[in-house]
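So this block is entry-v5.cif, mmCIF, C-alpha atoms:
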```cif
data_my_file
loop_
_atom_site.group_PDB
_atom_site.id
_atom_site.type_symbol
_atom_site.label_atom_id
_atom_site.label_comp_id
_atom_site.auth_asym_id
_atom_site.auth_seq_id
_atom_site.Cartn_x
_atom_site.Cartn_y
_atom_site.Cartn_z
ATOM 1 C CA MET A 976 -20.458 -12.549 27.421
ATOM 2 C CA LYS A 977 -21.664 -9.472 29.289
ATOM 3 C CA ARG A 978 -20.539 -7.193 26.459
ATOM 4 C CA PHE A 979 -22.097 -9.571 23.919
ATOM 5 C CA ILE A 980 -25.472 -9.260 25.646
ATOM 6 C CA LEU A 981 -25.081 -5.483 26.002
ATOM 7 C CA ALA A 982 -24.236 -5.143 22.294
ATOM 8 C CA PHE A 983 -27.233 -7.298 21.356
ATOM 9 C CA ILE A 984 -29.659 -5.289 23.515
ATOM 10 C CA ALA A 985 -28.320 -1.936 22.251
ATOM 11 C CA ALA A 986 -28.479 -3.111 18.603
ATOM 12 C CA PHE A 987 -31.996 -4.490 19.063
ATOM 13 C CA ILE A 988 -33.304 -1.282 20.653
ATOM 14 C CA PHE A 989 -31.873 0.800 17.815
ATOM 15 C CA ILE A 990 -33.218 -1.545 15.070
ATOM 16 C CA PHE A 991 -36.655 -1.526 16.707
ATOM 17 C CA PHE A 992 -36.910 2.271 16.952
ATOM 18 C CA TRP A 993 -35.340 2.895 13.544
ATOM 19 C CA GLY A 994 -37.755 0.398 11.948
ATOM 20 C CA TRP A 995 -40.688 2.167 13.558
ATOM 21 C CA LEU A 996 -39.485 5.684 12.682
ATOM 22 C CA TYR A 997 -38.329 5.013 9.114
ATOM 23 C CA ASN A 998 -40.795 2.390 7.870
ATOM 24 C CA GLY A 999 -43.722 3.168 10.135
ATOM 25 C CA VAL A 1000 -43.636 6.974 10.119
ATOM 26 C CA LEU A 1001 -41.377 8.438 7.387
ATOM 27 C CA LEU A 1002 -42.256 5.936 4.624
ATOM 28 C CA LYS A 1003 -45.892 5.491 5.629
ATOM 29 C CA GLY A 1004 -47.132 7.306 2.511
ATOM 30 C CA VAL A 1005 -44.837 5.348 0.168
ATOM 31 C CA PHE A 1006 -45.958 2.005 1.619
ATOM 32 C CA ALA A 1007 -49.582 3.129 1.179
ATOM 33 C CA GLU A 1008 -48.969 3.260 -2.595
ATOM 34 C CA ALA A 1009 -48.568 -0.547 -2.556
ATOM 35 C CA GLU A 1010 -51.370 -1.132 -0.060
ATOM 36 C CA SER A 1011 -52.619 -4.311 -1.771
ATOM 37 C CA LEU A 1012 -49.306 -6.057 -1.019
ATOM 38 C CA PHE A 1013 -49.614 -5.578 2.743
ATOM 39 C CA ARG A 1014 -51.807 -6.894 5.506
ATOM 40 C CA PRO A 1015 -54.511 -4.585 6.878
ATOM 41 C CA ARG A 1016 -53.290 -2.583 9.905
ATOM 42 C CA ASP A 1017 -55.302 -4.593 12.473
ATOM 43 C CA GLU A 1018 -53.987 -7.893 11.119
ATOM 44 C CA MET A 1019 -50.429 -6.527 11.179
ATOM 45 C CA MET A 1020 -50.823 -5.486 14.827
ATOM 46 C CA GLY A 1021 -51.984 -9.027 15.640
ATOM 47 C CA LEU A 1022 -48.684 -10.332 14.238
ATOM 48 C CA PHE A 1023 -46.547 -7.592 15.769
ATOM 49 C CA HIS A 1024 -44.627 -10.076 17.930
ATOM 50 C CA TRP A 1025 -43.131 -11.577 14.732
ATOM 51 C CA ILE A 1026 -41.673 -8.176 13.887
ATOM 52 C CA VAL A 1027 -40.066 -8.013 17.333
ATOM 53 C CA ILE A 1028 -38.757 -11.607 17.079
ATOM 54 C CA GLY A 1029 -37.435 -10.935 13.551
ATOM 55 C CA GLN A 1030 -35.639 -7.770 14.664
ATOM 56 C CA ALA A 1031 -34.193 -9.534 17.707
ATOM 57 C CA GLY A 1032 -32.956 -12.355 15.453
ATOM 58 C CA LEU A 1033 -31.402 -9.822 13.118
ATOM 59 C CA ALA A 1034 -29.604 -8.034 15.982
ATOM 60 C CA LEU A 1035 -28.419 -11.343 17.477
ATOM 61 C CA SER A 1036 -27.069 -12.596 14.132
ATOM 62 C CA PHE A 1037 -25.266 -9.289 13.558
ATOM 63 C CA VAL A 1038 -23.521 -9.458 16.942
ATOM 64 C CA MET A 1039 -22.661 -13.158 16.444
ATOM 65 C CA ILE A 1040 -21.041 -12.469 13.056
ATOM 66 C CA TYR A 1041 -19.186 -9.477 14.505
ATOM 67 C CA ALA A 1042 -17.962 -11.506 17.476
ATOM 68 C CA SER A 1043 -16.868 -14.406 15.275
ATOM 69 C CA GLY A 1044 -14.540 -12.518 12.963
ATOM 70 C CA PHE A 1045 -14.736 -8.749 13.226
ATOM 71 C CA ALA A 1046 -14.269 -8.090 16.932
ATOM 72 C CA GLY A 1047 -11.109 -6.209 17.700
ATOM 73 C CA GLY A 1048 -11.565 -3.886 14.740
ATOM 74 C CA GLY A 1049 -13.835 -1.612 16.760
ATOM 75 C CA ILE A 1050 -16.331 0.790 15.204
ATOM 76 C CA ALA A 1051 -14.689 0.725 11.736
ATOM 77 C CA ALA A 1052 -15.035 -3.075 11.565
ATOM 78 C CA GLY A 1053 -18.651 -2.833 12.722
ATOM 79 C CA VAL A 1054 -19.435 -0.302 9.993
ATOM 80 C CA ARG A 1055 -17.687 -2.481 7.348
ATOM 81 C CA LEU A 1056 -19.720 -5.497 8.449
ATOM 82 C CA GLY A 1057 -22.930 -3.454 8.423
ATOM 83 C CA ILE A 1058 -22.284 -2.239 4.863
ATOM 84 C CA MET A 1059 -21.518 -5.765 3.603
ATOM 85 C CA LEU A 1060 -24.592 -7.260 5.247
ATOM 86 C CA GLU A 1061 -26.806 -4.497 3.869
ATOM 87 C CA ILE A 1062 -25.454 -5.065 0.351
ATOM 88 C CA LEU A 1063 -26.473 -8.724 0.787
ATOM 89 C CA ALA A 1064 -29.900 -7.537 1.976
ATOM 90 C CA VAL A 1065 -30.231 -5.266 -1.081
ATOM 91 C CA SER A 1066 -29.519 -8.273 -3.304
ATOM 92 C CA ALA A 1067 -32.403 -10.131 -1.624
ATOM 93 C CA ARG A 1068 -34.572 -7.030 -2.028
ATOM 94 C CA CYS A 1069 -33.789 -7.027 -5.774
ATOM 95 C CA ALA A 1070 -35.054 -10.632 -5.982
ATOM 96 C CA ILE A 1071 -38.255 -9.645 -4.146
ATOM 97 C CA TYR A 1072 -38.689 -6.602 -6.399
ATOM 98 C CA ALA A 1073 -38.356 -8.851 -9.469
ATOM 99 C CA THR A 1074 -41.160 -11.127 -8.260
ATOM 100 C CA GLN A 1075 -43.514 -8.739 -6.426
ATOM 101 C CA PRO A 1076 -45.071 -5.637 -7.999
ATOM 102 C CA PHE A 1077 -43.476 -3.087 -5.638
ATOM 103 C CA PRO A 1078 -42.815 0.407 -6.968
ATOM 104 C CA ALA A 1079 -39.087 0.955 -7.663
ATOM 105 C CA LYS A 1080 -39.194 3.961 -5.310
ATOM 106 C CA LEU A 1081 -39.912 1.613 -2.405
ATOM 107 C CA LEU A 1082 -36.917 -0.575 -3.282
ATOM 108 C CA VAL A 1083 -34.625 2.465 -3.320
ATOM 109 C CA LEU A 1084 -36.003 4.071 -0.149
ATOM 110 C CA THR A 1085 -36.018 0.856 1.919
ATOM 111 C CA SER A 1086 -32.437 0.194 0.789
ATOM 112 C CA ILE A 1087 -31.342 3.695 1.876
ATOM 113 C CA GLY A 1088 -33.014 3.100 5.245
ATOM 114 C CA GLY A 1089 -31.354 -0.323 5.420
ATOM 115 C CA PHE A 1090 -27.897 1.166 4.903
ATOM 116 C CA ILE A 1091 -28.465 3.724 7.661
ATOM 117 C CA GLU A 1092 -29.786 0.980 9.953
ATOM 118 C CA MET A 1093 -26.871 -1.398 9.364
ATOM 119 C CA ILE A 1094 -24.166 1.300 9.560
ATOM 120 C CA VAL A 1095 -25.492 2.655 12.870
ATOM 121 C CA THR A 1096 -25.917 -0.920 14.163
ATOM 122 C CA GLY A 1097 -22.270 -1.514 13.210
ATOM 123 C CA VAL A 1098 -21.226 1.594 15.143
ATOM 124 C CA ILE A 1099 -23.222 0.481 18.210
ATOM 125 C CA VAL A 1100 -21.933 -3.105 18.151
ATOM 126 C CA GLY A 1101 -18.350 -2.051 17.365
ATOM 127 C CA ALA A 1102 -18.353 0.428 20.251
ATOM 128 C CA THR A 1103 -20.005 -1.935 22.731
ATOM 129 C CA TYR A 1104 -18.546 -5.372 22.048
ATOM 130 C CA LYS A 1105 -14.885 -5.826 22.905
ATOM 131 C CA PRO A 1106 -13.312 -9.284 22.849
ATOM 132 C CA ALA A 1107 -11.840 -10.488 26.126
ATOM 133 C CA ALA A 1108 -8.084 -9.981 26.278
ATOM 134 C CA ALA A 1109 -6.078 -13.192 25.833
ATOM 135 C CA LYS A 1110 -4.690 -14.587 29.068
ATOM 136 C CA VAL A 1111 -0.912 -14.409 29.343
ATOM 137 C CA SER A 1112 0.778 -16.869 31.615
ATOM 138 C CA MET B 88 -6.119 -12.118 -1.781
ATOM 139 C CA ASP B 89 -5.936 -14.801 -4.468
ATOM 140 C CA TRP B 90 -8.175 -13.214 -7.115
ATOM 141 C CA LYS B 91 -8.184 -16.223 -9.453
ATOM 142 C CA LYS B 92 -9.551 -18.523 -6.732
ATOM 143 C CA PHE B 93 -11.867 -15.739 -5.584
ATOM 144 C CA PHE B 94 -13.335 -15.422 -9.076
ATOM 145 C CA ILE B 95 -13.811 -19.196 -9.444
ATOM 146 C CA ALA B 96 -15.477 -19.360 -5.995
ATOM 147 C CA PHE B 97 -17.753 -16.425 -6.900
ATOM 148 C CA VAL B 98 -18.826 -18.001 -10.216
ATOM 149 C CA ALA B 99 -19.472 -21.358 -8.524
ATOM 150 C CA ALA B 100 -21.465 -19.681 -5.733
ATOM 151 C CA PHE B 101 -23.505 -17.690 -8.258
ATOM 152 C CA GLY B 102 -24.221 -20.834 -10.312
ATOM 153 C CA PHE B 103 -25.373 -22.706 -7.223
ATOM 154 C CA ILE B 104 -27.447 -19.844 -5.742
ATOM 155 C CA PHE B 105 -29.191 -19.223 -9.056
ATOM 156 C CA LEU B 106 -29.942 -22.915 -9.682
ATOM 157 C CA PHE B 107 -31.067 -23.514 -6.092
ATOM 158 C CA GLY B 108 -33.286 -20.420 -6.177
ATOM 159 C CA PHE B 109 -34.921 -21.611 -9.391
ATOM 160 C CA LEU B 110 -35.545 -25.123 -8.030
ATOM 161 C CA TRP B 111 -36.520 -24.236 -4.449
ATOM 162 C CA TYR B 112 -38.420 -20.951 -4.776
ATOM 163 C CA GLY B 113 -39.493 -21.247 -8.413
ATOM 164 C CA LYS B 114 -40.424 -24.932 -8.678
ATOM 165 C CA LEU B 115 -40.821 -26.583 -5.242
ATOM 166 C CA MET B 116 -42.579 -23.581 -3.683
ATOM 167 C CA HIS B 117 -44.585 -22.634 -6.765
ATOM 168 C CA GLY B 118 -47.806 -24.144 -5.359
ATOM 169 C CA ALA B 119 -47.376 -22.406 -1.997
ATOM 170 C CA HIS B 120 -46.732 -19.068 -3.706
ATOM 171 C CA GLN B 121 -49.870 -19.462 -5.812
ATOM 172 C CA GLU B 122 -51.985 -19.505 -2.631
ATOM 173 C CA VAL B 123 -51.518 -15.717 -2.516
ATOM 174 C CA PRO B 124 -51.498 -14.741 -6.224
ATOM 175 C CA ILE B 125 -52.024 -11.042 -5.443
ATOM 176 C CA LEU B 126 -48.438 -10.814 -4.183
ATOM 177 C CA TRP B 127 -46.678 -11.792 -7.397
ATOM 178 C CA ARG B 128 -46.003 -10.187 -10.732
ATOM 179 C CA THR B 129 -47.587 -11.714 -13.817
ATOM 180 C CA GLU B 130 -45.383 -13.969 -15.989
ATOM 181 C CA ALA B 131 -44.878 -11.203 -18.558
ATOM 182 C CA ASP B 132 -44.085 -8.586 -15.895
ATOM 183 C CA PHE B 133 -41.682 -11.000 -14.174
ATOM 184 C CA GLY B 134 -39.925 -11.467 -17.531
ATOM 185 C CA ASN B 135 -39.454 -7.703 -17.744
ATOM 186 C CA HIS B 136 -37.831 -7.673 -14.286
ATOM 187 C CA PHE B 137 -35.758 -10.841 -14.727
ATOM 188 C CA SER B 138 -32.526 -8.846 -15.115
ATOM 189 C CA THR B 139 -33.054 -7.417 -11.592
ATOM 190 C CA LEU B 140 -33.323 -10.985 -10.256
ATOM 191 C CA VAL B 141 -30.050 -11.992 -11.976
ATOM 192 C CA PHE B 142 -28.344 -8.803 -10.747
ATOM 193 C CA GLY B 143 -29.482 -9.541 -7.178
ATOM 194 C CA HIS B 144 -28.048 -13.055 -7.367
ATOM 195 C CA ILE B 145 -24.724 -11.787 -8.752
ATOM 196 C CA VAL B 146 -24.406 -9.246 -5.924
ATOM 197 C CA MET B 147 -25.396 -11.896 -3.351
ATOM 198 C CA ALA B 148 -22.776 -14.385 -4.605
ATOM 199 C CA PHE B 149 -20.064 -11.725 -4.890
ATOM 200 C CA PHE B 150 -20.486 -10.323 -1.387
ATOM 201 C CA LEU B 151 -20.889 -13.731 0.227
ATOM 202 C CA THR B 152 -17.610 -14.747 -1.435
ATOM 203 C CA LEU B 153 -15.988 -11.508 -0.288
ATOM 204 C CA LEU B 154 -17.252 -12.004 3.268
ATOM 205 C CA CYS B 155 -15.853 -15.549 3.394
ATOM 206 C CA ALA B 156 -12.552 -14.619 1.721
ATOM 207 C CA ARG B 157 -11.892 -11.639 3.979
ATOM 208 C CA PHE B 158 -13.160 -12.902 7.306
ATOM 209 C CA VAL B 159 -12.517 -16.634 7.297
ATOM 210 C CA PRO B 160 -8.746 -16.413 6.954
ATOM 211 C CA GLY B 161 -8.130 -20.165 6.994
ATOM 212 C CA GLY B 162 -10.910 -20.868 4.493
ATOM 213 C CA GLY B 163 -12.414 -24.360 4.478
ATOM 214 C CA PRO B 164 -15.995 -25.505 3.827
ATOM 215 C CA GLY B 165 -16.986 -25.853 7.512
ATOM 216 C CA ALA B 166 -15.911 -22.391 8.661
ATOM 217 C CA CYS B 167 -17.351 -20.643 5.581
ATOM 218 C CA ALA B 168 -20.635 -22.586 5.867
ATOM 219 C CA THR B 169 -20.904 -21.488 9.521
ATOM 220 C CA LEU B 170 -20.449 -17.823 8.584
ATOM 221 C CA ALA B 171 -22.952 -18.202 5.726
ATOM 222 C CA ILE B 172 -25.516 -19.773 8.094
ATOM 223 C CA LEU B 173 -25.185 -16.724 10.382
ATOM 224 C CA VAL B 174 -25.856 -14.521 7.340
ATOM 225 C CA ALA B 175 -28.883 -16.700 6.516
ATOM 226 C CA LEU B 176 -30.203 -16.073 10.043
ATOM 227 C CA ILE B 177 -30.251 -12.349 9.231
ATOM 228 C CA TYR B 178 -32.362 -13.196 6.175
ATOM 229 C CA ALA B 179 -34.590 -15.351 8.406
ATOM 230 C CA GLY B 180 -35.150 -12.347 10.691
ATOM 231 C CA ALA B 181 -36.162 -10.287 7.660
ATOM 232 C CA ASP B 182 -38.496 -13.115 6.542
ATOM 233 C CA LEU B 183 -40.283 -13.006 9.920
ATOM 234 C CA ILE B 184 -40.775 -9.249 9.594
ATOM 235 C CA THR B 185 -42.084 -9.714 6.031
ATOM 236 C CA PHE B 186 -44.514 -12.370 7.315
ATOM 237 C CA ALA B 187 -45.920 -9.894 9.835
ATOM 238 C CA VAL B 188 -46.533 -7.159 7.262
ATOM 239 C CA GLN B 189 -47.387 -9.093 4.072
ATOM 240 C CA PRO B 190 -50.126 -11.715 3.689
ATOM 241 C CA LEU B 191 -47.702 -14.656 3.400
ATOM 242 C CA THR B 192 -48.846 -18.087 4.543
ATOM 243 C CA THR B 193 -46.969 -19.972 7.277
ATOM 244 C CA LYS B 194 -45.961 -22.510 4.603
ATOM 245 C CA ILE B 195 -44.273 -19.766 2.561
ATOM 246 C CA LEU B 196 -42.522 -18.361 5.653
ATOM 247 C CA CYS B 197 -41.145 -21.796 6.631
ATOM 248 C CA GLY B 198 -40.136 -22.516 3.020
ATOM 249 C CA TRP B 199 -38.246 -19.223 2.758
ATOM 250 C CA ILE B 200 -36.399 -19.708 6.059
ATOM 251 C CA VAL B 201 -35.417 -23.321 5.341
ATOM 252 C CA GLY B 202 -34.462 -22.332 1.778
ATOM 253 C CA ASP B 203 -32.244 -19.479 3.029
ATOM 254 C CA LEU B 204 -30.456 -21.756 5.498
ATOM 255 C CA ILE B 205 -29.806 -24.548 2.957
ATOM 256 C CA GLN B 206 -28.853 -22.120 0.195
ATOM 257 C CA PHE B 207 -26.358 -20.169 2.287
ATOM 258 C CA ALA B 208 -24.878 -23.198 4.054
ATOM 259 C CA ILE B 209 -24.121 -24.956 0.753
ATOM 260 C CA ALA B 210 -22.984 -21.758 -0.998
ATOM 261 C CA GLY B 211 -20.650 -21.041 1.951
ATOM 262 C CA ALA B 212 -19.276 -24.594 1.826
ATOM 263 C CA ILE B 213 -18.655 -24.286 -1.930
ATOM 264 C CA ILE B 214 -16.838 -20.974 -1.444
ATOM 265 C CA GLY B 215 -14.784 -22.403 1.435
ATOM 266 C CA ALA B 216 -13.835 -25.487 -0.582
ATOM 267 C CA ILE B 217 -12.669 -23.433 -3.567
ATOM 268 C CA TYR B 218 -11.204 -20.342 -1.928
ATOM 269 C CA LYS B 219 -8.287 -21.459 0.181
ATOM 270 C CA PRO B 220 -5.605 -18.839 0.604
ATOM 271 C CA ALA B 221 -2.079 -19.953 -0.177
ATOM 272 C CA PRO B 222 -0.025 -20.732 2.938
ATOM 273 C CA ALA B 223 2.107 -17.838 4.127
ATOM 274 C CA HIS B 224 5.753 -17.923 3.093
ATOM 275 C CA SER B 225 7.999 -18.996 5.937
ATOM 276 C CA THR B 226 11.669 -18.466 6.350
ATOM 277 C CA PHE B 227 13.445 -21.229 8.162
ATOM 278 C CA VAL B 228 16.567 -20.446 10.146
ATOM 279 C CA LYS B 229 18.702 -23.364 11.052
ATOM 280 C CA GLU B 230 19.565 -23.421 14.745
ATOM 281 C CA ARG B 231 23.197 -23.426 15.556
ATOM 282 C CA SER B 232 24.317 -26.411 17.469
ATOM 283 C CA PRO B 233 26.129 -25.573 20.716
#
```
Since I need it in another form, could you write the structure as structure tokens?
Amino acid sequence: MKRFILAFIAAFIFIFFWGWLYNGVLLKGVFAEAESLFRPRDEMMGLFHWIVIGQAGLALSFVMIYASGFAGGGIAAGVRLGIMLEILAVSARCAIYATQPFPAKLLVLTSIGGFIEMIVTGVIVGATYKPAAAKVS
Amino acid sequence: MDWKKFFIAFVAAFGFIFLFGFLWYGKLMHGAHQEVPILWRTEADFGNHFSTLVFGHIVMAFFLTLLCARFVPGGGPGACATLAILVALIYAGADLITFAVQPLTTKILCGWIVGDLIQFAIAGAIIGAIYKPAPAHSTFVKERSP
């Protein structure tokens, strides 16, 4: 349980800072091209806690999936899980792109950032979470 | 891996996900979506991007099937539905982030989260019911009597 919590906290911290750096700083100009699809900055700041809750939920779900079937495989298993989950996220992004008038560039760039995020999260979780050894009587 | 069962499970999952998406997001939530018309493509523009929607659903069904087939060794609807619900929770986290940055209404947010959970739970159960790996071959050795 201790390692589970540690893995969750480490994954959450990384997801939070990566989200800020990639989406908030590096892609700021690209997001500005689709300004009409986003809330004004002040309104977004007023709902900032939902971003934090969403990222915490994402990190928790990742660690739970890893612990339920991937633990024991270490970093490689974490990376595999991260890649699979990001491919699922890209599929959802495709559905959003089909219904909302986002520029294609944004779909590609957020997906690249998503892959980096999920692979590094996989490395962090795989390195931190180790299943308890089975008791031998 | 039993590829024949895998393929049948994938096709069934795709059929369900596509149909559910159409009914839940396209029909049931149509009114809620229309409360923020600025967010959506026009009918004609949506038609031009429809192939991307189908592609997304194919990828979603394929990788959900792969995830269940590879990491729920015993198969079964319950275990696969549980894994799929955990995947849906990741989507729910992304929905919350989207709500904070895009002018979605609370009704849309709740509809998306509930839709994700139902969609993935049922899709996972379908995959688990269809994809059951064949039991491992066993070699029996008769014990010698003393």
Translate the PyMOL selection byres ((chain B) within 9 of (chain A)), as applied to the file shown, into an explicit residue set as a JSON list (two decimals) with C-alpha atoms, in the coordinates of the input.
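Output saved as selection.json:
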```
[["chain", "number", "residue", "atom", "x", "y", "z"],
["B", 125, "ILE", "CA", -52.02, -11.04, -5.44],
["B", 126, "LEU", "CA", -48.44, -10.81, -4.18],
["B", 127, "TRP", "CA", -46.68, -11.79, -7.40],
["B", 128, "ARG", "CA", -46.00, -10.19, -10.73],
["B", 129, "THR", "CA", -47.59, -11.71, -13.82],
["B", 132, "ASP", "CA", -44.08, -8.59, -15.90],
["B", 133, "PHE", "CA", -41.68, -11.00, -14.17],
["B", 134, "GLY", "CA", -39.92, -11.47, -17.53],
["B", 135, "ASN", "CA", -39.45, -7.70, -17.74],
["B", 136, "HIS", "CA", -37.83, -7.67, -14.29],
["B", 137, "PHE", "CA", -35.76, -10.84, -14.73],
["B", 138, "SER", "CA", -32.53, -8.85, -15.12],
["B", 139, "THR", "CA", -33.05, -7.42, -11.59],
["B", 140, "LEU", "CA", -33.32, -10.98, -10.26],
["B", 141, "VAL", "CA", -30.05, -11.99, -11.98],
["B", 142, "PHE", "CA", -28.34, -8.80, -10.75],
["B", 143, "GLY", "CA", -29.48, -9.54, -7.18],
["B", 144, "HIS", "CA", -28.05, -13.06, -7.37],
["B", 145, "ILE", "CA", -24.72, -11.79, -8.75],
["B", 146, "VAL", "CA", -24.41, -9.25, -5.92],
["B", 147, "MET", "CA", -25.40, -11.90, -3.35],
["B", 148, "ALA", "CA", -22.78, -14.38, -4.61],
["B", 150, "PHE", "CA", -20.49, -10.32, -1.39],
["B", 151, "LEU", "CA", -20.89, -13.73, 0.23],
["B", 153, "LEU", "CA", -15.99, -11.51, -0.29],
["B", 154, "LEU", "CA", -17.25, -12.00, 3.27],
["B", 158, "PHE", "CA", -13.16, -12.90, 7.31],
["B", 159, "VAL", "CA", -12.52, -16.63, 7.30],
["B", 170, "LEU", "CA", -20.45, -17.82, 8.58],
["B", 173, "LEU", "CA", -25.18, -16.72, 10.38],
["B", 174, "VAL", "CA", -25.86, -14.52, 7.34],
["B", 175, "ALA", "CA", -28.88, -16.70, 6.52],
["B", 176, "LEU", "CA", -30.20, -16.07, 10.04],
["B", 177, "ILE", "CA", -30.25, -12.35, 9.23],
["B", 178, "TYR", "CA", -32.36, -13.20, 6.18],
["B", 179, "ALA", "CA", -34.59, -15.35, 8.41],
["B", 180, "GLY", "CA", -35.15, -12.35, 10.69],
["B", 181, "ALA", "CA", -36.16, -10.29, 7.66],
["B", 182, "ASP", "CA", -38.50, -13.12, 6.54],
["B", 183, "LEU", "CA", -40.28, -13.01, 9.92],
["B", 184, "ILE", "CA", -40.78, -9.25, 9.59],
["B", 185, "THR", "CA", -42.08, -9.71, 6.03],
["B", 186, "PHE", "CA", -44.51, -12.37, 7.32],
["B", 187, "ALA", "CA", -45.92, -9.89, 9.84],
["B", 188, "VAL", "CA", -46.53, -7.16, 7.26],
["B", 189, "GLN", "CA", -47.39, -9.09, 4.07],
["B", 190, "PRO", "CA", -50.13, -11.72, 3.69]]
```
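Distance check against Trp111 of chain B using all atoms listed in the file: of B:Leu191, B:Ile217, B:Ile172, B:Ile205, the minimum falls on B:Ile205.
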- [ ] Run the PyMOL selection byres ((chain A and resi 984) around 12) against the file shown and list the residues it catches, as a PyMOL selection string.
- [x] chain A and resi 977-983+985-991+1030-1035+1037-1038+1096+1099-1100+1103-1104
Since we have the selection now, will you write its residues out, keeping C-alpha atoms, as a PDB file, keeping the file's coordinate frame?
```pdb
ATOM      1  CA  LYS A 977     -21.664  -9.472  29.289  1.00  0.00           C
ATOM      2  CA  ARG A 978     -20.539  -7.193  26.459  1.00  0.00           C
ATOM      3  CA  PHE A 979     -22.097  -9.571  23.919  1.00  0.00           C
ATOM      4  CA  ILE A 980     -25.472  -9.260  25.646  1.00  0.00           C
ATOM      5  CA  LEU A 981     -25.081  -5.483  26.002  1.00  0.00           C
ATOM      6  CA  ALA A 982     -24.236  -5.143  22.294  1.00  0.00           C
ATOM      7  CA  PHE A 983     -27.233  -7.298  21.356  1.00  0.00           C
ATOM      8  CA  ALA A 985     -28.320  -1.936  22.251  1.00  0.00           C
ATOM      9  CA  ALA A 986     -28.479  -3.111  18.603  1.00  0.00           C
ATOM     10  CA  PHE A 987     -31.996  -4.490  19.063  1.00  0.00           C
ATOM     11  CA  ILE A 988     -33.304  -1.282  20.653  1.00  0.00           C
ATOM     12  CA  PHE A 989     -31.873   0.800  17.815  1.00  0.00           C
ATOM     13  CA  ILE A 990     -33.218  -1.545  15.070  1.00  0.00           C
ATOM     14  CA  PHE A 991     -36.655  -1.526  16.707  1.00  0.00           C
ATOM     15  CA  GLN A1030     -35.639  -7.770  14.664  1.00  0.00           C
ATOM     16  CA  ALA A1031     -34.193  -9.534  17.707  1.00  0.00           C
ATOM     17  CA  GLY A1032     -32.956 -12.355  15.453  1.00  0.00           C
ATOM     18  CA  LEU A1033     -31.402  -9.822  13.118  1.00  0.00           C
ATOM     19  CA  ALA A1034     -29.604  -8.034  15.982  1.00  0.00           C
ATOM     20  CA  LEU A1035     -28.419 -11.343  17.477  1.00  0.00           C
ATOM     21  CA  PHE A1037     -25.266  -9.289  13.558  1.00  0.00           C
ATOM     22  CA  VAL A1038     -23.521  -9.458  16.942  1.00  0.00           C
ATOM     23  CA  THR A1096     -25.917  -0.920  14.163  1.00  0.00           C
ATOM     24  CA  ILE A1099     -23.222   0.481  18.210  1.00  0.00           C
ATOM     25  CA  VAL A1100     -21.933  -3.105  18.151  1.00  0.00           C
ATOM     26  CA  THR A1103     -20.005  -1.935  22.731  1.00  0.00           C
ATOM     27  CA  TYR A1104     -18.546  -5.372  22.048  1.00  0.00           C
TER      28      TYR A1104
END
```
Task: Explicit residues for the PyMOL selection byres ((chain A and resi 1050) around 9) (as a list in words) - done: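 Evaluating the PyMOL selection byres ((chain A and resi 1050) around 9) on these coordinates yields Gly1048, Gly1049, Ala1051, Ala1052, Gly1053, Val1054, Arg1055, Gly1097, Val1098, Ile1099, Val1100, Gly1101, Ala1102 and Thr1103 of chain A.
Across B:Met116, B:Val123, B:Met88, B:Ala96, the tightest approach to Thr192 of chain B is made by B:Val123 when counting only C-alpha atoms.
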For Phe94 of chain B, work out the shell of residues within 10 Å, counting all atoms listed in the file and skipping chain neighbours fewer than 2 positions away, then give it as a tab-separated table (two decimals) with C-alpha atoms, in the coordinates of the input.
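result27.tsv written:
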```tsv
chain	number	residue	atom	x	y	z
B	89	ASP	CA	-5.94	-14.80	-4.47
B	90	TRP	CA	-8.18	-13.21	-7.12
B	91	LYS	CA	-8.18	-16.22	-9.45
B	92	LYS	CA	-9.55	-18.52	-6.73
B	96	ALA	CA	-15.48	-19.36	-6.00
B	97	PHE	CA	-17.75	-16.42	-6.90
B	98	VAL	CA	-18.83	-18.00	-10.22
B	99	ALA	CA	-19.47	-21.36	-8.52
B	100	ALA	CA	-21.46	-19.68	-5.73
B	149	PHE	CA	-20.06	-11.72	-4.89
B	152	THR	CA	-17.61	-14.75	-1.44
B	153	LEU	CA	-15.99	-11.51	-0.29
B	217	ILE	CA	-12.67	-23.43	-3.57
B	218	TYR	CA	-11.20	-20.34	-1.93
```
Task: Proximity to Gly102 of chain B - best of B:Cys155, B:Gly165, B:Ala216, B:Ile209, only C-alpha atoms - done: B:Ile209
TODO: Rounded to one decimal place, report the atom CA of Pro160 of chain B-atom CA of Phe103 of chain B distance in Å.
DONE: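 Interatomic distance, atom CA of Pro160 of chain B to atom CA of Phe103 of chain B: 22.7 Å.
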Provide an axis-aligned box for all listed atoms of segment 183-200 of chain B, padding each side by 6 Å; report its centre and its edge lengths in Å to one decimal, as AutoDock Vina command-line options.
```
--center_x -43.3 --center_y -14.8 --center_z 6.2 --size_x 25.7 --size_y 27.4 --size_z 19.4
```
Open item on the list: I need the residue nearest Leu1002 of chain A from this list: A:Met976, A:Ala1042, A:Ile1058, A:Leu1084. Use all atoms listed in the file for the distance.
Closed with: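 The answer is A:Leu1084, which sits nearest to Leu1002 of chain A.
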